[in-house]
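Chemist: Pasting a structure here, questions to come.
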Amino acid sequence: MTDAHSAAPPVLQLDRVSRRRAGRAAVQELSLALAPGQVLGLLGVNGAGKSTTLAMIAGALRPDSGGIRLQGEDFLERPELARRLIGWLPERAPVWPELTVAEHLDAHGRLRGLRAAELRAARAVVVERLELQPLARRLAGVLSQGQRQRLGLACALLHRPALLVLDEPANALDPVQVAALRGLIREQAAAGTAVILSTHVLVEVTAVCDRVAILHEGRLRHEGALRADGHAALERRFFEIAMQARAA
Amino acid sequence: MSFLAMFRLESHRLWLRPLAWVLLALSLAWLGWNFTLLLGSFLASQVQRAALADSPGYVDLVAVPLLGQLAQLAFLVVPLLAMSSLAGERRDGSLPLLFSAGLPASRIVLGKYAAVLLWLLAWLLLTLAMPLSLAHATTPDWGKLAAAALGIALMLAALAALAVAASAFTAHPAIAAVLALLLGLALWTANLGAQLAGVDNGVINWLAMSTHEQNLLRGLVSSADVLWFVLLIAACLALATRRLAAERERG
């Protein structure tokens, strides 16, 4: 993250956000802030509340209580802000199976309000960056999971969002693609995009994030900058939290 | 703008689905066959009818019965066509993507509904093209034909709204289709018991779709009948919108 970016007001601010799902508290009193260019790793075991948190940030789910601000504006009052400010890659990257990859990108661009010329330019950029050219005419329904992830990522990046929300983005990617994904995330952060990345793979966080938040049973148990001792310290902290909760 | 984007996406997807083409081809083949039968019967009885004053004409004996056949098919075709509109999105997990694009539930519902309507309009026009292709050789009652076409258009629009609403309540397109089919048939036959009991003017008769549709097919355009269809469409679309908005609230 550059100094210019760190001085800017937060792109995202969560204020005591709570949400119940399937009869249990999926997220409880979660507060977080993310500045432009920051990459926040959201860690937690399965069922910790990561995907629910990201769905609320992306505007797909409303919190039961608390507030969400995007670039200082009340997101709950103005859900249409998601259209230009947020790019979201949900877990399992859902697609419309009867559309080709190129048609997918066009549809997403139009839904995000891009005009024809902007859409053409934006599509060319993401197709090249995510190496989707060979897949452009292929139906999304026949793509492998890894290819779907790349398409989902392209759709999330198409409208140059200020906040990129990635839910398990490295799922089903091969090691070469994982390395490319890390490069892409760093590139986006350098350009000033705030990135929030959910995973349960610790190495993903230490590889690309400059801050980390650990959720357990819907509560924020740890939040801060990644220390210089990186992976080992994070792993220790993560297991401490998981074990404490299990003992309790 | 977001309505147009949604409408364009859904129309495109609808025309890419094999089911839409199969339904179109098979239903038009069936209607084409019926058109030739109706026409044959009309030509065979031409001499007898010529002797009668005020005898039924081409529109009464060919065009309106053909539209009646289309109305019967619509009970099956419309639910099959619209069953995936929202249920399919929910099943594939793509509904949250639409929410996260900042689209209000109303635009999603209206965009999808308009796409289904466009297909149905094309279906109706292709069916109407059959009797109209011979209009130059006859003297059609244009007023009666227009009223019948309006009646069928309103009925298709109402069944489509019902099917979209059914699709908003489930993640299984097949269940949405069955639900829409049963609701459509129930609405059509709501007054069957009342008719058998000889009741003509009850509320139950007003509730039945057949009461309003048959007036239009007879060439009687009444604002009360048109309003009935408009109210049904508005109620179904409002219900679908409310269900979708609640889904975003409740998850």
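How things are named: the first chain in the structure tokens is A, the next is B, and so on; residues count from 1 in each chain; ligands count from 1 in the order shown.
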For A:Arg62, please output as number ranges by chain all residues within 10 Å (counting only C-alpha atoms; exclusion window: fewer than 4 positions along the same chain).
Modeler: A: 17-19, 52-53, 55-58, 66-68, 75-76, 79; B: 246-251
Chemist: Could you list, as a ChimeraX atom specification, every residue of chain B that has an atom within 12 Å of an atom of chain A, counting only C-alpha atoms?
Modeler: /B:1-19,84-85,88-105,107-108,111,244-251
Chemist: I need the chosen residues saved as a compact mmCIF listing (two decimals), in the first residue's frame, with N, CA and C atoms.
Modeler:
```
# COMPACT_ATOMS: atom_id res chain seq x y z
N MET B 1 -32.03 2.11 -17.02
CA MET B 1 -30.79 1.52 -17.53
C MET B 1 -30.59 0.09 -16.99
N SER B 2 -30.76 -0.07 -15.66
CA SER B 2 -30.57 -1.40 -15.08
C SER B 2 -31.70 -2.34 -15.53
N PHE B 3 -32.92 -1.76 -15.74
CA PHE B 3 -34.01 -2.58 -16.25
C PHE B 3 -33.66 -3.09 -17.65
N LEU B 4 -33.13 -2.20 -18.47
CA LEU B 4 -32.78 -2.58 -19.84
C LEU B 4 -31.68 -3.64 -19.86
N ALA B 5 -30.70 -3.46 -18.98
CA ALA B 5 -29.61 -4.45 -18.91
C ALA B 5 -30.15 -5.81 -18.50
N MET B 6 -31.05 -5.81 -17.54
CA MET B 6 -31.64 -7.06 -17.06
C MET B 6 -32.50 -7.69 -18.16
N PHE B 7 -33.30 -6.84 -18.84
CA PHE B 7 -34.18 -7.32 -19.91
C PHE B 7 -33.35 -7.92 -21.05
N ARG B 8 -32.27 -7.23 -21.39
CA ARG B 8 -31.42 -7.70 -22.49
C ARG B 8 -30.76 -9.03 -22.14
N LEU B 9 -30.26 -9.11 -20.90
CA LEU B 9 -29.62 -10.36 -20.46
C LEU B 9 -30.61 -11.51 -20.49
N GLU B 10 -31.79 -11.29 -19.93
CA GLU B 10 -32.77 -12.36 -19.83
C GLU B 10 -33.30 -12.77 -21.20
N SER B 11 -33.54 -11.78 -22.07
CA SER B 11 -34.02 -12.11 -23.43
C SER B 11 -32.99 -12.97 -24.15
N HIS B 12 -31.73 -12.55 -24.03
CA HIS B 12 -30.66 -13.28 -24.70
C HIS B 12 -30.59 -14.72 -24.18
N ARG B 13 -30.67 -14.86 -22.86
CA ARG B 13 -30.60 -16.20 -22.26
C ARG B 13 -31.80 -17.06 -22.68
N LEU B 14 -32.96 -16.42 -22.74
CA LEU B 14 -34.17 -17.15 -23.10
C LEU B 14 -34.07 -17.71 -24.52
N TRP B 15 -33.57 -16.90 -25.44
CA TRP B 15 -33.47 -17.34 -26.84
C TRP B 15 -32.34 -18.34 -27.04
N LEU B 16 -31.44 -18.44 -26.05
CA LEU B 16 -30.36 -19.43 -26.17
C LEU B 16 -30.77 -20.79 -25.62
N ARG B 17 -31.88 -20.82 -24.89
CA ARG B 17 -32.29 -22.09 -24.27
C ARG B 17 -32.98 -22.98 -25.30
N PRO B 18 -32.54 -24.24 -25.42
CA PRO B 18 -33.21 -25.15 -26.37
C PRO B 18 -34.70 -25.27 -26.07
N LEU B 19 -35.06 -25.22 -24.78
CA LEU B 19 -36.48 -25.38 -24.42
C LEU B 19 -37.36 -24.33 -25.11
N SER B 84 -37.74 -21.01 -15.11
CA SER B 84 -36.35 -20.79 -14.66
C SER B 84 -36.05 -19.33 -14.36
N SER B 85 -37.00 -18.45 -14.65
CA SER B 85 -36.65 -17.02 -14.60
C SER B 85 -36.03 -16.62 -13.26
N GLY B 88 -34.34 -20.60 -11.45
CA GLY B 88 -33.07 -21.02 -12.03
C GLY B 88 -31.90 -20.22 -11.48
N GLU B 89 -32.10 -18.93 -11.32
CA GLU B 89 -31.04 -18.07 -10.75
C GLU B 89 -30.73 -18.52 -9.32
N ARG B 90 -31.82 -18.83 -8.59
CA ARG B 90 -31.62 -19.25 -7.19
C ARG B 90 -30.90 -20.59 -7.15
N ARG B 91 -31.29 -21.52 -8.03
CA ARG B 91 -30.66 -22.85 -8.06
C ARG B 91 -29.17 -22.74 -8.42
N ASP B 92 -28.85 -21.87 -9.39
CA ASP B 92 -27.46 -21.74 -9.84
C ASP B 92 -26.62 -20.82 -8.94
N GLY B 93 -27.25 -20.21 -7.96
CA GLY B 93 -26.51 -19.32 -7.04
C GLY B 93 -26.17 -17.97 -7.65
N SER B 94 -26.80 -17.61 -8.77
CA SER B 94 -26.45 -16.34 -9.42
C SER B 94 -27.34 -15.17 -9.00
N LEU B 95 -28.37 -15.45 -8.19
CA LEU B 95 -29.24 -14.36 -7.74
C LEU B 95 -28.47 -13.32 -6.90
N PRO B 96 -27.59 -13.76 -5.97
CA PRO B 96 -26.82 -12.77 -5.22
C PRO B 96 -25.95 -11.86 -6.10
N LEU B 97 -25.53 -12.41 -7.26
CA LEU B 97 -24.73 -11.57 -8.18
C LEU B 97 -25.55 -10.38 -8.68
N LEU B 98 -26.85 -10.63 -8.93
CA LEU B 98 -27.72 -9.55 -9.40
C LEU B 98 -27.94 -8.53 -8.28
N PHE B 99 -28.10 -9.04 -7.05
CA PHE B 99 -28.24 -8.11 -5.91
C PHE B 99 -26.99 -7.26 -5.77
N SER B 100 -25.84 -7.92 -5.93
CA SER B 100 -24.59 -7.18 -5.69
C SER B 100 -24.27 -6.23 -6.84
N ALA B 101 -25.02 -6.34 -7.94
CA ALA B 101 -24.85 -5.34 -9.02
C ALA B 101 -25.72 -4.12 -8.72
N GLY B 102 -26.29 -4.07 -7.53
CA GLY B 102 -27.08 -2.91 -7.11
C GLY B 102 -28.46 -2.85 -7.74
N LEU B 103 -28.93 -3.99 -8.29
CA LEU B 103 -30.25 -3.99 -8.94
C LEU B 103 -31.34 -4.16 -7.89
N PRO B 104 -32.31 -3.26 -7.86
CA PRO B 104 -33.44 -3.47 -6.95
C PRO B 104 -34.25 -4.68 -7.40
N ALA B 105 -34.93 -5.31 -6.45
CA ALA B 105 -35.71 -6.52 -6.77
C ALA B 105 -36.73 -6.24 -7.87
N ARG B 107 -36.55 -4.23 -10.43
CA ARG B 107 -35.95 -4.22 -11.79
C ARG B 107 -35.63 -5.64 -12.25
N ILE B 108 -35.19 -6.47 -11.31
CA ILE B 108 -34.89 -7.85 -11.68
C ILE B 108 -36.17 -8.54 -12.16
N GLY B 111 -37.47 -6.91 -15.50
CA GLY B 111 -36.60 -7.27 -16.63
C GLY B 111 -36.87 -8.68 -17.10
N LEU B 244 -38.52 -11.45 -3.55
CA LEU B 244 -37.09 -11.28 -3.87
C LEU B 244 -36.43 -10.31 -2.91
N ALA B 245 -37.13 -9.23 -2.60
CA ALA B 245 -36.58 -8.24 -1.67
C ALA B 245 -36.42 -8.87 -0.28
N ALA B 246 -37.38 -9.72 0.09
CA ALA B 246 -37.31 -10.38 1.40
C ALA B 246 -36.12 -11.35 1.42
N GLU B 247 -35.83 -11.94 0.28
CA GLU B 247 -34.71 -12.88 0.22
C GLU B 247 -33.39 -12.16 0.49
N ARG B 248 -33.27 -10.95 -0.01
CA ARG B 248 -32.06 -10.17 0.24
C ARG B 248 -31.97 -9.78 1.72
N GLU B 249 -33.16 -9.54 2.30
CA GLU B 249 -33.19 -9.19 3.73
C GLU B 249 -32.86 -10.41 4.59
N ARG B 250 -33.50 -11.55 4.24
CA ARG B 250 -33.40 -12.71 5.13
C ARG B 250 -32.28 -13.66 4.78
N GLY B 251 -31.85 -13.62 3.52
CA GLY B 251 -30.78 -14.50 3.12
C GLY B 251 -31.26 -15.89 2.73
```
Chemist: If you measure from atom CA of A:Phe238 to atom CA of A:His200, what distance in Å do you get, rounded to one decimal?
Modeler: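 Result for atom CA of A:Phe238 versus atom CA of A:His200: 10.1 Å, one decimal.
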Chemist: Return as a list in words the full set of residues in stretch 38-69 of chain A whose backbone-based DSSP assignment is strand (DSSP E or B).
Modeler: Val39, Leu40, Gly41, Leu42, Leu43, Ser65, Gly66, Gly67, Ile68 and Arg69 of chain A
Chemist: Tell me which protein, DNA and RNA residues are within 12 Å of B:Leu132, counting only C-alpha atoms, leaving out same-chain ones fewer than 4 positions away, and put them as a ChimeraX atom specification.
Modeler: /B:35,58-59,62-64,66,125-128,136-142,145-146,149
Chemist: One decimal, Å: what's the distance from atom CA of A:Ala242 over to atom CA of A:His222, could you say?
Modeler: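 Value for the atom CA of A:Ala242-atom CA of A:His222 distance: 11.4 Å.
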Chemist: Among stretch 75-104 of chain A, which ones does DSSP assign to helix (DSSP H, G or I) (computed from the backbone)? Answer as a list in words.
Modeler: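 Helix (DSSP H, G or I) members of stretch 75-104 of chain A, listed: Pro79, Glu80, Leu81, Ala82, Arg83, Arg84, Leu85, Val101, Ala102, Glu103 and His104 of chain A.
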Chemist: Could you dump the residues just selected with C-alpha atoms as a PDB file, in the first residue's frame?
Modeler:
```
ATOM      1  CA  PRO A  79     -27.480  -0.302  -2.161  1.00  0.00           C
ATOM      2  CA  GLU A  80     -27.001   0.946  -5.730  1.00  0.00           C
ATOM      3  CA  LEU A  81     -23.495   2.036  -4.686  1.00  0.00           C
ATOM      4  CA  ALA A  82     -22.473  -1.594  -5.150  1.00  0.00           C
ATOM      5  CA  ARG A  83     -22.978  -1.198  -8.875  1.00  0.00           C
ATOM      6  CA  ARG A  84     -19.882   0.917  -9.444  1.00  0.00           C
ATOM      7  CA  LEU A  85     -17.874   0.501  -6.244  1.00  0.00           C
ATOM      8  CA  VAL A 101     -17.415 -16.201 -21.637  1.00  0.00           C
ATOM      9  CA  ALA A 102     -17.520 -13.072 -23.829  1.00  0.00           C
ATOM     10  CA  GLU A 103     -21.300 -12.748 -23.421  1.00  0.00           C
ATOM     11  CA  HIS A 104     -20.863 -13.108 -19.685  1.00  0.00           C
TER      12      HIS A 104
END
```
Chemist: What does the structure give for the distance between atom CA of A:Gly183 and atom CA of A:Ala207, in Å to one decimal?
Modeler: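 Going from atom CA of A:Gly183 over to atom CA of A:Ala207, I get 9.8 Å.
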Chemist: Excluding A:Ala213 and residues on its chain fewer than 3 positions from it, collect all residues at most 7 Å away from it, counting only C-alpha atoms, and give them as a ChimeraX atom specification.
Modeler: /A:41-43,220,222-224
Chemist: Pick out the closest residue to A:Pro36 from this set: A:Leu143, A:Leu54, A:Ala189, A:Leu166. Count only C-alpha atoms.
Modeler: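 Closest candidate: A:Ala189.
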Chemist: For B:Leu179, which residue among B:Ala238, B:Leu80, B:Ala224, B:Leu39 is the nearest when counting only C-alpha atoms?
Modeler: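 Distance minimum relative to B:Leu179 lands on B:Leu80.
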Chemist: I'd like the neighbourhood of B:Ala158 as a VMD selection string, where a residue qualifies if any of its atoms comes within 7 Å (using only C-alpha atoms), though same-chain residues fewer than 2 positions away should be ignored.
Modeler: chain B and resid 154 to 156 160 to 162 229 232 to 233
Chemist: Pick from B:Leu61, B:Pro131, B:Gly151, B:Gly68: nearest to B:Ser223, with only C-alpha atoms counted?
Modeler: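 Smallest distance to B:Ser223 is found for B:Gly151.
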Chemist: Taking only C-alpha atoms into account, which of B:Ala208, B:Ala114, B:Leu124, B:Ala53 comes nearest B:Gln69?
Modeler: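 Smallest distance to B:Gln69 is found for B:Leu124.
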